[in-house]
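Single-structure report; data block below.
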Amino acid sequence: MADRPRVDVTGPAPRIRTGRIIAHRLFELAYGIDLQRAERLWAERSPGGRRRLSSTPAKAVAFGVAPLDLALGSVALDLGGDAVEAMATARLHDFGVASLALSVLADGLPWAGFAERMDRLDRAVGTDAAATPWPGLLDTLRAAVAGALDRPNAAPIEEDYLVGMVTAFEAPLTAEALLARVDLAPLLAGAQPHPLSDSARADLLRLRFSWHEDDLVVLGWDRAVLVEPRGETDVLDVLEVANAQLLEMRHYDELLDAELPGMYALVAAARRGARLFSHRRYARLARQLTTLVAEVTEQTERVDNALQVTEDVYLARVYAAAMALFRVPVVGAAVDRKLSVIRDTYRGLYEEASATRAELLEVAIVLLIVSEIVLSFVRH
C-alpha cells in the first residue's frame, strides 16, 4: 500500500490551485412550473437537462421531481476594479422556485485573495449591491419559460447564498491542517468593521463536516465553505435545495399572514348579514378556505419531498444541518399552525351553517304544522 502524503498542521496559509465562488439568488417564481414544457421552450434557445446529484448513488439521494438546469451564458462583473467573467446558470423546481447562480473562478489565488474575492463578489451581487445582474437574468428566464409557469408571481420573494468552493490546493492538505492554518470564521461572516469575538467565531465554525480526511464543509447562515478535492457537487446541490425549500416555506408563511386578517373580516361580515341566508354565506366562505388549505398543503408536501436523503450518511448530516440552520422546520411549523387556524375556522363555519340550516328546517316544519292546524279549523 502506497504511503499517504505527509502534511503539516502548521505552516503558512495555503494557496488555491483550483476553486470557484458561487453566488445563488433564488426567486419564488410561480405556484408551479411545468418542467417538461419549460425544457421544450428552452430548447428553442439552448440545450438544458434534468439534474441528478453527480456522485451519490441514485438509491441514496433522490429528487422528488428532478429540477431542470439551464445555462444562461456568461456575465461580466466588476469586483472592485477586477473585471471577471461569471458563468450564469438557472435551476427550475417544479414547486415554483427558480434558483439563479453566478460562478466566478478562483484559480491560483492565495487564501487571503480567495477570501477577498468572496467578499467582493458579495458586494457586487449581494442584497446590499446598488445594481446587480439578477433582474436581467430573471427577465431572460421569465421570457423564455413564461408558458410553463402556473400562476406566476409579479414580485417574488428572494433568498441568497454564497459558497466558496476549493477543489485543489497547491500542496496536499487535510481538513485538520486547513483549520489549523486559516481562520474560516471571517470567510463565513464576511467583511466586518471590528474583530469577531471568540464566541462568535466558535458559533460560525460549529457546523463543519468531513467524510474523507481532505474534504470539508462548513455551513453558515448565508455563506458556506466547501473543500471538495474530487470535484463533486453533491453538497452544493443539497445546499441549493435546502435554500429553495426555505424560500417556498417563507412564501406560504407570508401568504397565510396576508390571508388570515382577510379571513377574519369575511367571517365577521358573514355574521353581520341577515341570518336567514347566513348558511349560504358560511358555505361559500368555507369553500374558499378549503381551497386555500388544499393548495397550500399540496405545495408544502411537494416542498417537503423535494429531496430525499436515505443511505448517504454524510449528505444526510449536511442536509439536516442546513435545514435546521436555515430554520426550514420552524417556518414549516408556522405554516402548519396557520393552516390549523384556517381548518378550525372552516369547521366552525360549517357547524354554524349546519346549525342555521337545521333551525330553518325546524321553523319550516313548525310553520307547516301551524298551517295544517289553521286549515283544518277553516275547513270545519
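Chain labels follow the order of the C-alpha cells: the first chain is A, the next B, and so on; residue numbering restarts at 1 in every chain, and ligands are counted from 1 in their shown order.
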Write down as an mmCIF file with C-alpha atoms, in the first residue's frame the residues of region 169-281 of chain A whose backbone DSSP state falls under helix (DSSP H, G or I).
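Okay, this is what ended up in states_28.cif:
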```cif
data_model
loop_
_atom_site.group_PDB
_atom_site.id
_atom_site.type_symbol
_atom_site.label_atom_id
_atom_site.label_comp_id
_atom_site.auth_asym_id
_atom_site.auth_seq_id
_atom_site.Cartn_x
_atom_site.Cartn_y
_atom_site.Cartn_z
ATOM 1 C CA ALA A 175 -9.175 19.355 6.676
ATOM 2 C CA GLU A 176 -7.460 19.312 10.058
ATOM 3 C CA ALA A 177 -4.424 21.117 8.643
ATOM 4 C CA LEU A 178 -6.604 23.683 6.865
ATOM 5 C CA LEU A 179 -8.488 24.507 10.063
ATOM 6 C CA ALA A 180 -5.182 24.891 11.882
ATOM 7 C CA ARG A 181 -3.646 27.195 9.284
ATOM 8 C CA ALA A 185 -14.800 32.468 10.585
ATOM 9 C CA PRO A 186 -14.142 35.757 8.709
ATOM 10 C CA LEU A 187 -14.901 33.965 5.429
ATOM 11 C CA LEU A 188 -18.286 32.878 6.779
ATOM 12 C CA ALA A 189 -19.082 36.205 8.440
ATOM 13 C CA ASP A 198 -14.287 34.090 20.402
ATOM 14 C CA SER A 199 -17.896 33.016 20.972
ATOM 15 C CA ALA A 200 -18.986 34.372 17.567
ATOM 16 C CA ARG A 201 -16.078 32.588 15.899
ATOM 17 C CA ALA A 202 -16.931 29.321 17.657
ATOM 18 C CA ASP A 203 -20.582 29.624 16.625
ATOM 19 C CA LEU A 204 -19.652 30.254 12.980
ATOM 20 C CA ASP A 234 -23.458 16.904 -4.270
ATOM 21 C CA VAL A 235 -23.091 19.089 -1.167
ATOM 22 C CA LEU A 236 -23.512 22.207 -3.304
ATOM 23 C CA ASP A 237 -26.723 20.762 -4.751
ATOM 24 C CA VAL A 238 -28.051 19.803 -1.312
ATOM 25 C CA LEU A 239 -27.474 23.352 -0.018
ATOM 26 C CA GLU A 240 -29.283 24.793 -3.038
ATOM 27 C CA VAL A 241 -32.314 22.565 -2.433
ATOM 28 C CA ALA A 242 -32.397 23.481 1.265
ATOM 29 C CA ASN A 243 -32.427 27.177 0.331
ATOM 30 C CA ALA A 244 -35.213 26.537 -2.197
ATOM 31 C CA GLN A 245 -37.279 24.811 0.485
ATOM 32 C CA LEU A 246 -36.710 27.715 2.865
ATOM 33 C CA LEU A 247 -37.832 30.204 0.224
ATOM 34 C CA GLU A 248 -41.002 28.286 -0.567
ATOM 35 C CA MET A 249 -41.934 27.896 3.092
ATOM 36 C CA ARG A 250 -41.316 31.615 3.637
ATOM 37 C CA HIS A 251 -43.612 32.375 0.697
ATOM 38 C CA TYR A 252 -46.509 30.375 2.144
ATOM 39 C CA ASP A 253 -45.903 31.739 5.624
ATOM 40 C CA GLU A 254 -46.231 35.281 4.244
ATOM 41 C CA LEU A 255 -49.213 34.278 2.086
ATOM 42 C CA LEU A 256 -51.084 32.940 5.107
ATOM 43 C CA ASP A 257 -50.114 36.007 7.152
ATOM 44 C CA ALA A 258 -51.839 38.100 4.473
ATOM 45 C CA GLU A 259 -54.863 35.780 4.229
ATOM 46 C CA LEU A 260 -55.718 35.467 7.921
ATOM 47 C CA PRO A 261 -56.853 39.101 8.510
ATOM 48 C CA GLY A 262 -58.974 38.906 5.363
ATOM 49 C CA MET A 263 -60.480 35.642 6.565
ATOM 50 C CA TYR A 264 -61.415 37.172 9.919
ATOM 51 C CA ALA A 265 -63.011 40.150 8.131
ATOM 52 C CA LEU A 266 -65.021 37.848 5.853
ATOM 53 C CA VAL A 267 -66.233 35.806 8.826
ATOM 54 C CA ALA A 268 -67.290 38.981 10.644
ATOM 55 C CA ALA A 269 -69.083 40.282 7.531
ATOM 56 C CA ALA A 270 -70.897 36.973 7.073
ATOM 57 C CA ARG A 271 -72.104 37.071 10.660
ATOM 58 C CA ARG A 272 -73.315 40.673 10.359
ATOM 59 C CA ARG A 275 -79.439 35.412 9.462
ATOM 60 C CA LEU A 276 -81.951 33.940 7.011
ATOM 61 C CA PHE A 277 -79.294 33.377 4.325
ATOM 62 C CA SER A 278 -76.232 33.195 6.577
ATOM 63 C CA HIS A 279 -75.758 29.469 5.937
ATOM 64 C CA ARG A 280 -75.172 30.195 2.242
ATOM 65 C CA ARG A 281 -72.560 32.852 3.031
#
```
**Request:** Excluding Leu105 (chain A) and any residue of its chain fewer than 3 positions from it, enumerate the residues within 8 Å of it, using only C-alpha atoms, and give them as a VMD selection string.
**Result:** chain A and resid 18 to 21 86
If you keep N, CA and C atoms, can you produce a file of those selected residues as a PDB file, in the first residue's frame?
```
ATOM      1  N   THR A  18      -7.159  25.332  -7.771  1.00  0.00           N
ATOM      2  CA  THR A  18      -8.427  25.464  -8.497  1.00  0.00           C
ATOM      3  C   THR A  18      -9.566  25.650  -7.500  1.00  0.00           C
ATOM      4  N   GLY A  19     -10.469  26.520  -7.829  1.00  0.00           N
ATOM      5  CA  GLY A  19     -11.630  26.766  -6.985  1.00  0.00           C
ATOM      6  C   GLY A  19     -12.574  27.732  -7.664  1.00  0.00           C
ATOM      7  N   ARG A  20     -13.675  27.972  -7.041  1.00  0.00           N
ATOM      8  CA  ARG A  20     -14.653  28.926  -7.573  1.00  0.00           C
ATOM      9  C   ARG A  20     -15.524  29.432  -6.433  1.00  0.00           C
ATOM     10  N   ILE A  21     -16.169  30.540  -6.710  1.00  0.00           N
ATOM     11  CA  ILE A  21     -17.097  31.136  -5.749  1.00  0.00           C
ATOM     12  C   ILE A  21     -18.442  31.261  -6.448  1.00  0.00           C
ATOM     13  N   ALA A  86     -18.372  35.755 -15.128  1.00  0.00           N
ATOM     14  CA  ALA A  86     -19.089  34.785 -14.296  1.00  0.00           C
ATOM     15  C   ALA A  86     -19.997  33.941 -15.184  1.00  0.00           C
TER      16      ALA A  86
END
```
**Request:** Compile the contact shell of Ser210 (chain A) as a PyMOL selection string: residues with an atom at most 10 Å away, counting only C-alpha atoms, same-chain residues fewer than 6 positions apart removed.
**Result:** chain A and resi 174-176+216-218+226-228+314+318
What does the file look like for those residues with N, CA and C atoms, as a PDB file, in the first residue's frame?
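In the end it all went to again03.pdb:
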```pdb
ATOM      1  N   THR A 174      -4.954  18.325   4.546  1.00  0.00           N
ATOM      2  CA  THR A 174      -6.117  17.708   5.191  1.00  0.00           C
ATOM      3  C   THR A 174      -7.032  18.799   5.744  1.00  0.00           C
ATOM      4  N   ALA A 175      -8.243  18.400   6.062  1.00  0.00           N
ATOM      5  CA  ALA A 175      -9.175  19.355   6.676  1.00  0.00           C
ATOM      6  C   ALA A 175      -8.641  19.844   8.008  1.00  0.00           C
ATOM      7  N   GLU A 176      -8.021  18.935   8.768  1.00  0.00           N
ATOM      8  CA  GLU A 176      -7.460  19.312  10.058  1.00  0.00           C
ATOM      9  C   GLU A 176      -6.370  20.364   9.886  1.00  0.00           C
ATOM     10  N   LEU A 216     -14.081  18.983   3.337  1.00  0.00           N
ATOM     11  CA  LEU A 216     -14.602  19.781   4.456  1.00  0.00           C
ATOM     12  C   LEU A 216     -15.807  20.584   3.997  1.00  0.00           C
ATOM     13  N   VAL A 217     -16.799  20.665   4.865  1.00  0.00           N
ATOM     14  CA  VAL A 217     -17.961  21.530   4.662  1.00  0.00           C
ATOM     15  C   VAL A 217     -18.166  22.314   5.948  1.00  0.00           C
ATOM     16  N   VAL A 218     -18.229  23.632   5.839  1.00  0.00           N
ATOM     17  CA  VAL A 218     -18.543  24.483   6.984  1.00  0.00           C
ATOM     18  C   VAL A 218     -19.729  25.353   6.579  1.00  0.00           C
ATOM     19  N   LEU A 226     -16.642  25.075   1.105  1.00  0.00           N
ATOM     20  CA  LEU A 226     -16.555  23.678   0.702  1.00  0.00           C
ATOM     21  C   LEU A 226     -15.141  23.390   0.204  1.00  0.00           C
ATOM     22  N   VAL A 227     -14.568  22.297   0.658  1.00  0.00           N
ATOM     23  CA  VAL A 227     -13.326  21.773   0.096  1.00  0.00           C
ATOM     24  C   VAL A 227     -13.668  20.406  -0.472  1.00  0.00           C
ATOM     25  N   GLU A 228     -13.627  20.280  -1.787  1.00  0.00           N
ATOM     26  CA  GLU A 228     -14.032  19.060  -2.491  1.00  0.00           C
ATOM     27  C   GLU A 228     -12.928  18.655  -3.465  1.00  0.00           C
ATOM     28  N   TYR A 314     -23.296  10.908   5.224  1.00  0.00           N
ATOM     29  CA  TYR A 314     -22.617  12.207   5.197  1.00  0.00           C
ATOM     30  C   TYR A 314     -23.534  13.298   4.647  1.00  0.00           C
ATOM     31  N   VAL A 318     -25.265  16.688   6.454  1.00  0.00           N
ATOM     32  CA  VAL A 318     -25.132  18.045   5.918  1.00  0.00           C
ATOM     33  C   VAL A 318     -26.510  18.635   5.627  1.00  0.00           C
TER      34      VAL A 318
END
```
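Counting only C-alpha atoms and comparing A:Val75, A:Ile373, A:Ala98, A:Val125, the residue that lies closest to Val145 (chain A) is A:Ala98.
Across A:Ile342, A:Trp111, A:Asp214, A:Gly231, the tightest approach to Arg287 (chain A) is made by A:Ile342 when counting only C-alpha atoms.
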**Complete:** Of A:Arg223, A:Arg25, A:Arg302, A:Arg45, the one sitting nearest Ala90 (chain A) when using only C-alpha atoms is A:Arg25
**Message:** So the first atom is CA of Val65 (chain A) and the second is CA of Gly164 (chain A); what is the distance between them in Å, to one decimal place?
**Reply:** 27.4 Å
**Asked** Which neighbours of Ala143 (chain A) fall inside 12 Å, counting only C-alpha atoms, when residues of the same chain fewer than 3 positions from it are skipped, and could you give them as a PyMOL selection string?
**Response** chain A and resi 38+41-42+45+136-140+146-149+152
Save the residues we just selected, N, CA and C atoms, as a PDB file, in the first residue's frame?
```pdb
ATOM      1  N   ALA A  38     -41.163  23.654 -19.847  1.00  0.00           N
ATOM      2  CA  ALA A  38     -40.052  24.607 -19.754  1.00  0.00           C
ATOM      3  C   ALA A  38     -38.842  24.102 -20.525  1.00  0.00           C
ATOM      4  N   LEU A  41     -39.514  24.667 -24.196  1.00  0.00           N
ATOM      5  CA  LEU A  41     -39.402  26.088 -24.532  1.00  0.00           C
ATOM      6  C   LEU A  41     -37.948  26.539 -24.562  1.00  0.00           C
ATOM      7  N   TRP A  42     -37.176  26.065 -23.580  1.00  0.00           N
ATOM      8  CA  TRP A  42     -35.771  26.486 -23.528  1.00  0.00           C
ATOM      9  C   TRP A  42     -34.962  25.867 -24.667  1.00  0.00           C
ATOM     10  N   ARG A  45     -33.861  27.815 -27.476  1.00  0.00           N
ATOM     11  CA  ARG A  45     -32.757  28.755 -27.286  1.00  0.00           C
ATOM     12  C   ARG A  45     -31.419  28.035 -27.144  1.00  0.00           C
ATOM     13  N   GLY A 136     -31.870  41.249 -14.802  1.00  0.00           N
ATOM     14  CA  GLY A 136     -31.770  40.936 -16.229  1.00  0.00           C
ATOM     15  C   GLY A 136     -31.809  39.443 -16.487  1.00  0.00           C
ATOM     16  N   LEU A 137     -31.112  38.661 -15.655  1.00  0.00           N
ATOM     17  CA  LEU A 137     -31.131  37.209 -15.817  1.00  0.00           C
ATOM     18  C   LEU A 137     -32.527  36.647 -15.572  1.00  0.00           C
ATOM     19  N   LEU A 138     -33.209  37.195 -14.552  1.00  0.00           N
ATOM     20  CA  LEU A 138     -34.557  36.719 -14.258  1.00  0.00           C
ATOM     21  C   LEU A 138     -35.521  37.059 -15.386  1.00  0.00           C
ATOM     22  N   ASP A 139     -35.396  38.252 -15.960  1.00  0.00           N
ATOM     23  CA  ASP A 139     -36.256  38.631 -17.090  1.00  0.00           C
ATOM     24  C   ASP A 139     -36.032  37.705 -18.278  1.00  0.00           C
ATOM     25  N   THR A 140     -34.772  37.375 -18.550  1.00  0.00           N
ATOM     26  CA  THR A 140     -34.456  36.456 -19.652  1.00  0.00           C
ATOM     27  C   THR A 140     -35.096  35.101 -19.417  1.00  0.00           C
ATOM     28  N   ALA A 146     -42.096  31.444 -19.938  1.00  0.00           N
ATOM     29  CA  ALA A 146     -43.356  32.018 -19.432  1.00  0.00           C
ATOM     30  C   ALA A 146     -44.519  31.050 -19.603  1.00  0.00           C
ATOM     31  N   GLY A 147     -44.544  30.320 -20.699  1.00  0.00           N
ATOM     32  CA  GLY A 147     -45.649  29.400 -20.957  1.00  0.00           C
ATOM     33  C   GLY A 147     -45.690  28.208 -20.030  1.00  0.00           C
ATOM     34  N   ALA A 148     -44.616  27.988 -19.270  1.00  0.00           N
ATOM     35  CA  ALA A 148     -44.560  26.846 -18.355  1.00  0.00           C
ATOM     36  C   ALA A 148     -44.892  27.232 -16.917  1.00  0.00           C
ATOM     37  N   LEU A 149     -45.143  28.519 -16.671  1.00  0.00           N
ATOM     38  CA  LEU A 149     -45.385  28.990 -15.311  1.00  0.00           C
ATOM     39  C   LEU A 149     -46.875  28.961 -14.984  1.00  0.00           C
ATOM     40  N   PRO A 152     -47.853  32.802 -12.237  1.00  0.00           N
ATOM     41  CA  PRO A 152     -46.577  33.453 -11.906  1.00  0.00           C
ATOM     42  C   PRO A 152     -46.753  34.602 -10.926  1.00  0.00           C
TER      43      PRO A 152
END
```
**Item:** Using only C-alpha atoms: which of A:Pro133, A:Pro193, A:Gly108, A:Gly126 has the shortest distance to Phe169 (chain A)
**Value:** A:Gly108
